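Source file: input_27.cif. Holds: mmCIF, C-alpha atoms.
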```cif
data_structure
#
loop_
_atom_site.group_PDB
_atom_site.id
_atom_site.type_symbol
_atom_site.label_atom_id
_atom_site.label_comp_id
_atom_site.auth_asym_id
_atom_site.auth_seq_id
_atom_site.Cartn_x
_atom_site.Cartn_y
_atom_site.Cartn_z
ATOM 1 C CA MET E 1 76.701 39.019 -10.959
ATOM 2 C CA THR E 2 75.831 41.624 -8.338
ATOM 3 C CA TYR E 3 72.408 42.196 -6.814
ATOM 4 C CA ASP E 4 70.491 45.079 -5.276
ATOM 5 C CA PHE E 5 67.521 44.411 -3.019
ATOM 6 C CA PHE E 6 64.343 46.076 -1.837
ATOM 7 C CA ALA E 7 61.865 44.512 0.615
ATOM 8 C CA ARG E 8 58.758 45.935 2.234
ATOM 9 C CA THR E 9 55.458 44.737 3.644
ATOM 10 C CA ASP E 10 52.369 46.902 4.077
ATOM 11 C CA ARG E 11 49.172 46.301 6.067
ATOM 12 C CA GLY E 12 46.949 47.562 3.248
ATOM 13 C CA ARG E 13 43.767 49.569 3.645
ATOM 14 C CA VAL E 14 41.363 46.992 5.121
ATOM 15 C CA ARG E 15 43.117 44.505 7.407
ATOM 16 C CA ASN E 16 43.724 45.370 11.063
ATOM 17 C CA ASN E 17 47.042 43.562 11.211
ATOM 18 C CA ASN E 18 49.735 42.365 8.837
ATOM 19 C CA GLU E 19 49.984 38.604 8.365
ATOM 20 C CA ASP E 20 52.695 38.870 5.697
ATOM 21 C CA ALA E 21 56.414 38.743 6.447
ATOM 22 C CA VAL E 22 59.528 39.343 4.348
ATOM 23 C CA ALA E 23 63.217 38.740 4.994
ATOM 24 C CA VAL E 24 66.362 39.396 2.961
ATOM 25 C CA ASP E 25 69.845 38.317 4.037
ATOM 26 C CA ARG E 26 72.145 40.389 1.863
ATOM 27 C CA GLU E 27 75.306 38.532 2.840
ATOM 28 C CA THR E 28 74.047 35.094 1.806
ATOM 29 C CA GLN E 29 71.551 36.466 -0.745
ATOM 30 C CA VAL E 30 68.566 34.631 0.721
ATOM 31 C CA LEU E 31 65.074 35.982 -0.026
ATOM 32 C CA ILE E 32 61.938 34.921 1.849
ATOM 33 C CA LEU E 33 58.324 36.048 1.560
ATOM 34 C CA ALA E 34 55.409 34.521 3.473
ATOM 35 C CA ASP E 35 51.668 35.230 3.543
ATOM 36 C CA GLY E 36 50.134 33.813 6.709
ATOM 37 C CA MET E 37 46.653 32.462 7.264
ATOM 38 C CA GLY E 38 44.649 31.303 10.257
ATOM 39 C CA GLY E 39 42.704 32.665 13.222
ATOM 40 C CA TYR E 40 43.261 35.924 15.035
ATOM 41 C CA ASN E 41 46.959 36.831 14.646
ATOM 42 C CA ALA E 42 47.822 33.183 13.913
ATOM 43 C CA GLY E 43 48.732 33.897 10.291
ATOM 44 C CA GLU E 44 51.109 36.580 11.483
ATOM 45 C CA VAL E 45 52.765 34.052 13.791
ATOM 46 C CA ALA E 46 53.105 31.437 11.029
ATOM 47 C CA ALA E 47 54.600 33.873 8.522
ATOM 48 C CA GLY E 48 56.975 35.298 11.120
ATOM 49 C CA MET E 49 58.120 31.836 12.175
ATOM 50 C CA ALA E 50 58.706 30.800 8.562
ATOM 51 C CA THR E 51 60.792 33.809 7.581
ATOM 52 C CA THR E 52 62.822 33.888 10.805
ATOM 53 C CA PHE E 53 63.510 30.156 10.948
ATOM 54 C CA ILE E 54 64.419 29.718 7.282
ATOM 55 C CA ARG E 55 66.564 32.852 7.140
ATOM 56 C CA THR E 56 68.511 31.848 10.252
ATOM 57 C CA GLU E 57 69.069 28.198 9.369
ATOM 58 C CA LEU E 58 69.642 28.563 5.643
ATOM 59 C CA SER E 59 71.966 31.562 5.984
ATOM 60 C CA ARG E 60 74.003 29.738 8.629
ATOM 61 C CA TRP E 61 74.406 26.758 6.324
ATOM 62 C CA LEU E 62 75.330 28.941 3.346
ATOM 63 C CA LEU E 63 77.988 30.809 5.323
ATOM 64 C CA GLU E 64 79.599 27.484 6.199
ATOM 65 C CA ALA E 65 79.218 25.878 2.769
ATOM 66 C CA ALA E 66 79.803 28.787 0.357
ATOM 67 C CA PRO E 67 81.369 29.358 -2.080
ATOM 68 C CA ASN E 68 81.894 25.682 -2.876
ATOM 69 C CA ALA E 69 78.262 24.585 -2.499
ATOM 70 C CA GLN E 70 76.752 23.049 -5.607
ATOM 71 C CA ALA E 71 73.197 23.770 -6.744
ATOM 72 C CA THR E 72 72.089 20.306 -5.643
ATOM 73 C CA ASP E 73 73.529 20.944 -2.161
ATOM 74 C CA ILE E 74 71.752 24.293 -1.884
ATOM 75 C CA ARG E 75 68.503 22.764 -3.040
ATOM 76 C CA ARG E 76 68.758 20.014 -0.430
ATOM 77 C CA ALA E 77 69.604 22.502 2.322
ATOM 78 C CA LEU E 78 66.648 24.634 1.258
ATOM 79 C CA GLU E 79 64.299 21.649 1.386
ATOM 80 C CA ILE E 80 65.558 20.608 4.835
ATOM 81 C CA CYS E 81 65.180 24.129 6.262
ATOM 82 C CA VAL E 82 61.654 24.446 4.901
ATOM 83 C CA GLU E 83 60.672 20.995 6.198
ATOM 84 C CA ASN E 84 62.021 21.906 9.642
ATOM 85 C CA ALA E 85 60.099 25.194 9.557
ATOM 86 C CA ASN E 86 56.985 23.241 8.606
ATOM 87 C CA HIS E 87 57.390 21.014 11.669
ATOM 88 C CA ALA E 88 57.953 24.036 13.927
ATOM 89 C CA ILE E 89 54.833 25.843 12.706
ATOM 90 C CA LEU E 90 52.684 22.717 12.852
ATOM 91 C CA GLY E 91 53.974 21.970 16.360
ATOM 92 C CA ALA E 92 53.070 25.468 17.543
ATOM 93 C CA SER E 93 49.648 25.120 15.943
ATOM 94 C CA LEU E 94 48.942 21.811 17.674
ATOM 95 C CA SER E 95 50.203 22.902 21.100
ATOM 96 C CA ASN E 96 48.545 26.339 21.237
ATOM 97 C CA PRO E 97 44.754 26.479 20.742
ATOM 98 C CA GLN E 98 44.897 30.120 19.624
ATOM 99 C CA TYR E 99 47.172 29.077 16.734
ATOM 100 C CA ALA E 100 45.109 26.074 15.616
ATOM 101 C CA GLY E 101 44.978 25.751 11.832
ATOM 102 C CA MET E 102 47.553 28.426 11.094
ATOM 103 C CA GLY E 103 49.779 28.178 8.046
ATOM 104 C CA THR E 104 51.526 30.283 5.457
ATOM 105 C CA THR E 105 52.444 30.477 1.811
ATOM 106 C CA LEU E 106 56.137 30.746 1.000
ATOM 107 C CA VAL E 107 58.482 31.967 -1.698
ATOM 108 C CA VAL E 108 62.174 31.465 -0.899
ATOM 109 C CA GLY E 109 65.141 32.085 -3.151
ATOM 110 C CA VAL E 110 68.916 31.729 -2.990
ATOM 111 C CA LEU E 111 71.052 33.711 -5.408
ATOM 112 C CA GLN E 112 74.450 32.236 -6.188
ATOM 113 C CA GLY E 113 76.480 33.765 -8.971
ATOM 114 C CA ASP E 114 74.302 33.808 -12.075
ATOM 115 C CA ARG E 115 71.631 31.418 -10.839
ATOM 116 C CA LEU E 116 68.519 31.625 -8.709
ATOM 117 C CA ILE E 117 67.346 28.557 -6.807
ATOM 118 C CA LEU E 118 63.688 29.225 -6.069
ATOM 119 C CA GLY E 119 61.192 27.318 -3.963
ATOM 120 C CA HIS E 120 57.525 28.101 -3.411
ATOM 121 C CA ILE E 121 54.425 26.816 -1.642
ATOM 122 C CA GLY E 122 50.951 28.275 -2.201
ATOM 123 C CA ASP E 123 49.954 31.300 -4.262
ATOM 124 C CA SER E 124 52.599 33.888 -3.428
ATOM 125 C CA ARG E 125 54.553 34.484 -6.613
ATOM 126 C CA CYS E 126 57.845 35.296 -8.277
ATOM 127 C CA TYR E 127 58.032 37.217 -11.557
ATOM 128 C CA ARG E 128 61.020 37.997 -13.779
ATOM 129 C CA LEU E 129 61.297 41.076 -15.975
ATOM 130 C CA ARG E 130 63.784 40.408 -18.771
ATOM 131 C CA ASP E 131 64.264 42.655 -21.802
ATOM 132 C CA GLY E 132 61.045 44.454 -20.917
ATOM 133 C CA VAL E 133 58.938 41.261 -20.808
ATOM 134 C CA LEU E 134 57.347 40.183 -17.522
ATOM 135 C CA GLN E 135 56.964 36.448 -16.879
ATOM 136 C CA GLN E 136 55.537 34.667 -13.844
ATOM 137 C CA ILE E 137 58.122 31.980 -13.038
ATOM 138 C CA THR E 138 56.180 30.292 -10.230
ATOM 139 C CA ARG E 139 52.907 28.459 -10.676
ATOM 140 C CA ASP E 140 50.212 28.977 -8.071
ATOM 141 C CA HIS E 141 49.358 26.028 -5.847
ATOM 142 C CA SER E 142 45.688 26.969 -5.751
ATOM 143 C CA TRP E 143 42.266 25.551 -6.526
ATOM 144 C CA LEU E 144 41.825 28.072 -9.330
ATOM 145 C CA GLN E 145 45.122 27.143 -10.982
ATOM 146 C CA GLU E 146 44.082 23.499 -10.881
ATOM 147 C CA GLN E 147 40.792 24.425 -12.591
ATOM 148 C CA VAL E 148 42.712 26.315 -15.291
ATOM 149 C CA ASP E 149 45.163 23.427 -15.767
ATOM 150 C CA ALA E 150 42.235 20.994 -16.132
ATOM 151 C CA GLY E 151 40.557 23.221 -18.713
ATOM 152 C CA PHE E 152 37.501 23.966 -16.578
ATOM 153 C CA LEU E 153 38.255 27.703 -16.389
ATOM 154 C CA THR E 154 40.066 30.164 -18.604
ATOM 155 C CA PRO E 155 42.726 32.409 -17.036
ATOM 156 C CA GLN E 156 40.326 35.324 -17.489
ATOM 157 C CA GLN E 157 37.544 33.493 -15.634
ATOM 158 C CA ALA E 158 39.968 32.553 -12.870
ATOM 159 C CA ALA E 159 41.054 36.184 -12.475
ATOM 160 C CA ALA E 160 37.437 37.224 -11.926
ATOM 161 C CA SER E 161 36.585 34.372 -9.540
ATOM 162 C CA SER E 162 35.713 34.916 -5.888
ATOM 163 C CA ASN E 163 37.711 31.783 -4.978
ATOM 164 C CA ARG E 164 41.110 33.280 -5.672
ATOM 165 C CA ASN E 165 42.508 32.648 -2.191
ATOM 166 C CA LEU E 166 41.928 28.883 -1.910
ATOM 167 C CA VAL E 167 45.439 27.428 -1.783
ATOM 168 C CA THR E 168 46.139 23.715 -2.175
ATOM 169 C CA ARG E 169 49.520 23.782 -0.400
ATOM 170 C CA ALA E 170 50.651 25.687 2.679
ATOM 171 C CA LEU E 171 53.514 25.556 5.136
ATOM 172 C CA GLY E 172 52.659 24.367 8.652
ATOM 173 C CA VAL E 173 49.368 22.622 7.902
ATOM 174 C CA GLU E 174 50.376 18.971 7.455
ATOM 175 C CA PRO E 175 53.277 16.817 8.720
ATOM 176 C CA HIS E 176 54.955 16.956 5.324
ATOM 177 C CA VAL E 177 54.883 19.796 2.837
ATOM 178 C CA GLN E 178 55.574 19.577 -0.899
ATOM 179 C CA MET E 179 57.659 22.522 -2.041
ATOM 180 C CA GLU E 180 58.216 23.130 -5.735
ATOM 181 C CA VAL E 181 61.861 24.012 -6.445
ATOM 182 C CA ASN E 182 63.298 25.284 -9.712
ATOM 183 C CA GLU E 183 66.607 26.764 -10.854
ATOM 184 C CA PHE E 184 66.857 29.773 -13.178
ATOM 185 C CA GLN E 185 69.814 31.310 -14.967
ATOM 186 C CA VAL E 186 70.107 35.020 -14.209
ATOM 187 C CA ALA E 187 71.026 37.492 -16.943
ATOM 188 C CA SER E 188 72.385 40.978 -16.423
ATOM 189 C CA ASN E 189 69.562 43.509 -15.901
ATOM 190 C CA ASP E 190 67.046 40.841 -14.866
ATOM 191 C CA LEU E 191 64.573 42.191 -12.314
ATOM 192 C CA PHE E 192 62.821 39.722 -10.004
ATOM 193 C CA LEU E 193 59.617 40.456 -8.089
ATOM 194 C CA LEU E 194 58.514 38.255 -5.185
ATOM 195 C CA CYS E 195 55.069 39.214 -3.911
ATOM 196 C CA SER E 196 52.011 38.162 -1.944
ATOM 197 C CA ASP E 197 48.529 38.025 -3.455
ATOM 198 C CA GLY E 198 47.738 41.340 -1.791
ATOM 199 C CA LEU E 199 49.593 42.832 -4.744
ATOM 200 C CA THR E 200 48.518 40.536 -7.580
ATOM 201 C CA ASP E 201 44.829 40.518 -6.592
ATOM 202 C CA MET E 202 44.806 44.312 -6.850
ATOM 203 C CA VAL E 203 47.156 44.994 -9.774
ATOM 204 C CA SER E 204 47.118 43.261 -13.160
ATOM 205 C CA ASP E 205 50.228 41.682 -14.650
ATOM 206 C CA ALA E 206 50.169 44.291 -17.422
ATOM 207 C CA ASP E 207 50.228 47.115 -14.884
ATOM 208 C CA LEU E 208 52.942 45.358 -12.895
ATOM 209 C CA ALA E 209 55.051 45.188 -16.035
ATOM 210 C CA ASP E 210 54.529 48.880 -16.777
ATOM 211 C CA MET E 211 55.622 49.876 -13.275
ATOM 212 C CA LEU E 212 58.619 47.558 -13.249
ATOM 213 C CA ARG E 213 59.784 48.972 -16.588
ATOM 214 C CA THR E 214 59.675 52.509 -15.199
ATOM 215 C CA PRO E 215 63.211 53.988 -14.981
ATOM 216 C CA LEU E 216 63.155 54.535 -11.214
ATOM 217 C CA PRO E 217 65.442 53.448 -8.357
ATOM 218 C CA LEU E 218 64.544 50.065 -6.890
ATOM 219 C CA GLU E 219 63.025 51.498 -3.706
ATOM 220 C CA GLU E 220 60.791 53.853 -5.673
ATOM 221 C CA LYS E 221 59.611 50.992 -7.893
ATOM 222 C CA GLY E 222 58.708 48.933 -4.845
ATOM 223 C CA THR E 223 56.850 51.836 -3.277
ATOM 224 C CA LEU E 224 55.021 52.403 -6.553
ATOM 225 C CA LEU E 225 53.787 48.793 -6.560
ATOM 226 C CA ILE E 226 52.510 48.987 -2.989
ATOM 227 C CA ASP E 227 50.865 52.360 -3.566
ATOM 228 C CA ALA E 228 49.108 50.976 -6.655
ATOM 229 C CA ALA E 229 47.662 48.045 -4.696
ATOM 230 C CA ASN E 230 46.442 50.406 -1.973
ATOM 231 C CA ALA E 231 44.955 52.759 -4.565
ATOM 232 C CA GLN E 232 42.883 49.831 -5.891
ATOM 233 C CA GLY E 233 41.481 49.164 -2.426
ATOM 234 C CA GLY E 234 44.319 47.469 -0.540
ATOM 235 C CA ARG E 235 42.003 44.642 0.540
ATOM 236 C CA ASP E 236 44.861 42.470 1.809
ATOM 237 C CA ASN E 237 48.358 42.836 3.176
ATOM 238 C CA ILE E 238 50.869 43.701 0.448
ATOM 239 C CA SER E 239 54.432 42.389 0.384
ATOM 240 C CA VAL E 240 57.139 42.989 -2.186
ATOM 241 C CA ILE E 241 60.749 41.914 -2.631
ATOM 242 C CA LEU E 242 62.608 43.288 -5.652
ATOM 243 C CA VAL E 243 65.986 41.985 -6.840
ATOM 244 C CA GLN E 244 67.937 43.791 -9.560
ATOM 245 C CA ALA E 245 70.765 41.871 -11.216
ATOM 246 C CA ALA E 246 73.786 43.483 -12.852
ATOM 247 C CA ALA E 247 76.964 42.050 -14.348
ATOM 248 C CA GLY E 248 80.049 42.848 -12.316
ATOM 249 C CA SER E 249 82.243 41.772 -9.454
ATOM 250 C CA LYS E 250 81.426 42.127 -5.792
ATOM 251 C CA LYS E 251 85.120 42.406 -4.930
ATOM 252 C CA ARG E 252 86.208 45.919 -4.052
ATOM 253 C CA GLY E 253 89.489 47.363 -2.917
ATOM 254 C CA LEU E 254 89.970 48.600 0.619
ATOM 255 C CA MET E 255 89.659 52.255 -0.385
ATOM 256 C CA SER E 256 86.390 51.725 -2.278
ATOM 257 C CA ARG E 257 84.918 49.825 0.685
ATOM 258 C CA LEU E 258 85.927 52.611 3.044
ATOM 259 C CA LEU E 259 84.425 55.244 0.767
ATOM 260 C CA ARG E 260 81.218 53.196 0.448
ATOM 261 C CA ALA E 261 80.939 52.930 4.225
ATOM 262 C CA ALA E 262 81.580 56.653 4.784
#
```
What would you get if you wrote out this structure as structure tokens?
Amino acid sequence: MTYDFFARTDRGRVRNNNEDAVAVDRETQVLILADGMGGYNAGEVAAGMATTFIRTELSRWLLEAAPNAQATDIRRALEICVENANHAILGASLSNPQYAGMGTTLVVGVLQGDRLILGHIGDSRCYRLRDGVLQQITRDHSWLQEQVDAGFLTPQQAAASSNRNLVTRALGVEPHVQMEVNEFQVASNDLFLLCSDGLTDMVSDADLADMLRTPLPLEEKGTLLIDAANAQGGRDNISVILVQAAAGSKKRGLMSRLLRAA
């Protein structure tokens, strides 16, 4: 399986700064998206620390362990890197008054062959478009999702609620963080979307699906998503990572690599 990537974060139309962060390591196929929260600029610090720390540590481990690493090994390495990032963010929050209370959501994925090992904390999401059908494959760690799960609210009522941004888990807030980790088989032509709530609060799942089905290059699809969120008001920072899967081999002959680099 081969993969193409697109990643971009946008300040939106209302916020003065961008507290989202994205990172993609193409060599190790690590994907990270974080949506920070906290006082002035503190969310930006938390999200930046999360993406930088996890990308550096996890990619280093993968370069040493691959290609023989098993899914259980990758999952454990992912959990350790995230726990260490949690300690780093919490430590910065406790030692710097201007960062007090900062934290961040997180979606982090590792692609290995035809599988995606995906972890998430908070309400940033991952979707999969397969055979034209869009499915959310993460479940929000939020107060609203808990109300829906308990039967107190319908999904439609939750979508219209003013309490959409109350998360029940975040990185960097407590000494230990509970990350939900799942493994997914990847099929050829699968398209994955990792995004912050600055996109999903502005654009419905139905409209997301329509745009993702559009026969455009990956970069143009990503730009289309961000433009749509801004057109609806852009009330929050907007972050998008797109991953397009295709069957094939990554191995290329010397001549093809030279031509590709030219």
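Listed by chain and then by number, the residues chosen by the PyMOL selection byres ((chain E and resi 136) around 12) in this file are Asp123, Ser124, Arg125, Cys126, Tyr127, Arg128, Leu129, Arg130, Val133, Leu134, Gln135, Ile137, Thr138, Arg139, Asp140, Leu191, Phe192, Leu193, Leu194, Cys195, Thr200, Asp205, Ala206, Leu208 and Ala209 of chain E.
Here the PyMOL selection byres ((chain E and resi 7) around 8) catches exactly these residues: Phe5, Phe6, Arg8, Thr9, Val22, Ala23, Val24, Gly222, Ser239, Val240, Ile241 and Leu242 of chain E.
Distance check against Gln70 of chain E using only C-alpha atoms: of E:Glu83, E:Gln29, E:Ile117, E:Thr104, the minimum falls on E:Ile117.
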Pick from E:Asp4, E:Asn16, E:Ser196, E:Leu33, whichever lies nearest to Leu218 of chain E using all atoms listed in the file: E:Asp4
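Distances here use only C-alpha atoms; by that measure, the residue among E:Asn84, E:Gln244, E:Ser142, E:Asn237 closest to Glu44 of chain E is E:Asn237.
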Hits from the PyMOL selection byres ((chain E and resi 141) around 12), listed as a PyMOL selection string: chain E and resi 105-107+120-125+138-140+142-149+164-171+178-180
d(atom CA of Arg213 of chain E, atom CA of Gly109 of chain E) in Å: 22.2 Å
Surrounding residues of His87 of chain E excluding itself and chain neighbours under 4 positions, 7 Å, all atoms listed in the file, as a ChimeraX atom specification: /E:83,91,172,175
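The shell of residues at most 12 Å from Met1 of chain E, with only C-alpha atoms counted and near chain neighbours (fewer than 6 positions) removed, consists of Gln29, Leu111, Gln112, Gly113, Asp114, Arg115, Leu116, Gln185, Val186, Ala187, Ser188, Asn189, Asp190, Val243, Gln244, Ala245, Ala246, Ala247, Gly248, Ser249, Lys250 and Lys251 of chain E.
Of the residues listed (E:Leu118, E:Thr223, E:Asn41, E:Val203), E:Asn41 shows the shortest atom-to-atom separation from Arg15 of chain E; distances use only C-alpha atoms.
Nearest to Ala100 of chain E of all the residues E:Cys81, E:Met49, E:Arg60, E:Ala42 is E:Ala42, counting all atoms listed in the file.
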Non-local contacts of Gly36 of chain E (6 Å; all atoms listed in the file; under 4 positions in same chain excluded) as a list in words: Glu19, Asp20, Gly43, Glu44, Ala46, Ala47, Gly103 and Thr104 of chain E
Can those selected residues be exported to a file as a PDB file, keeping the file's coordinate frame so that it contains C-alpha atoms?
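Output contents, as saved in result-v4.pdb:
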```
ATOM      1  CA  GLU E  19      49.984  38.604   8.365  1.00  0.00           C
ATOM      2  CA  ASP E  20      52.695  38.870   5.697  1.00  0.00           C
ATOM      3  CA  GLY E  43      48.732  33.897  10.291  1.00  0.00           C
ATOM      4  CA  GLU E  44      51.109  36.580  11.483  1.00  0.00           C
ATOM      5  CA  ALA E  46      53.105  31.437  11.029  1.00  0.00           C
ATOM      6  CA  ALA E  47      54.600  33.873   8.522  1.00  0.00           C
ATOM      7  CA  GLY E 103      49.779  28.178   8.046  1.00  0.00           C
ATOM      8  CA  THR E 104      51.526  30.283   5.457  1.00  0.00           C
TER       9      THR E 104
END
```
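Here atom CA of Gly12 of chain E is placed at a distance of 6.2 Å from atom CA of Ile238 of chain E.
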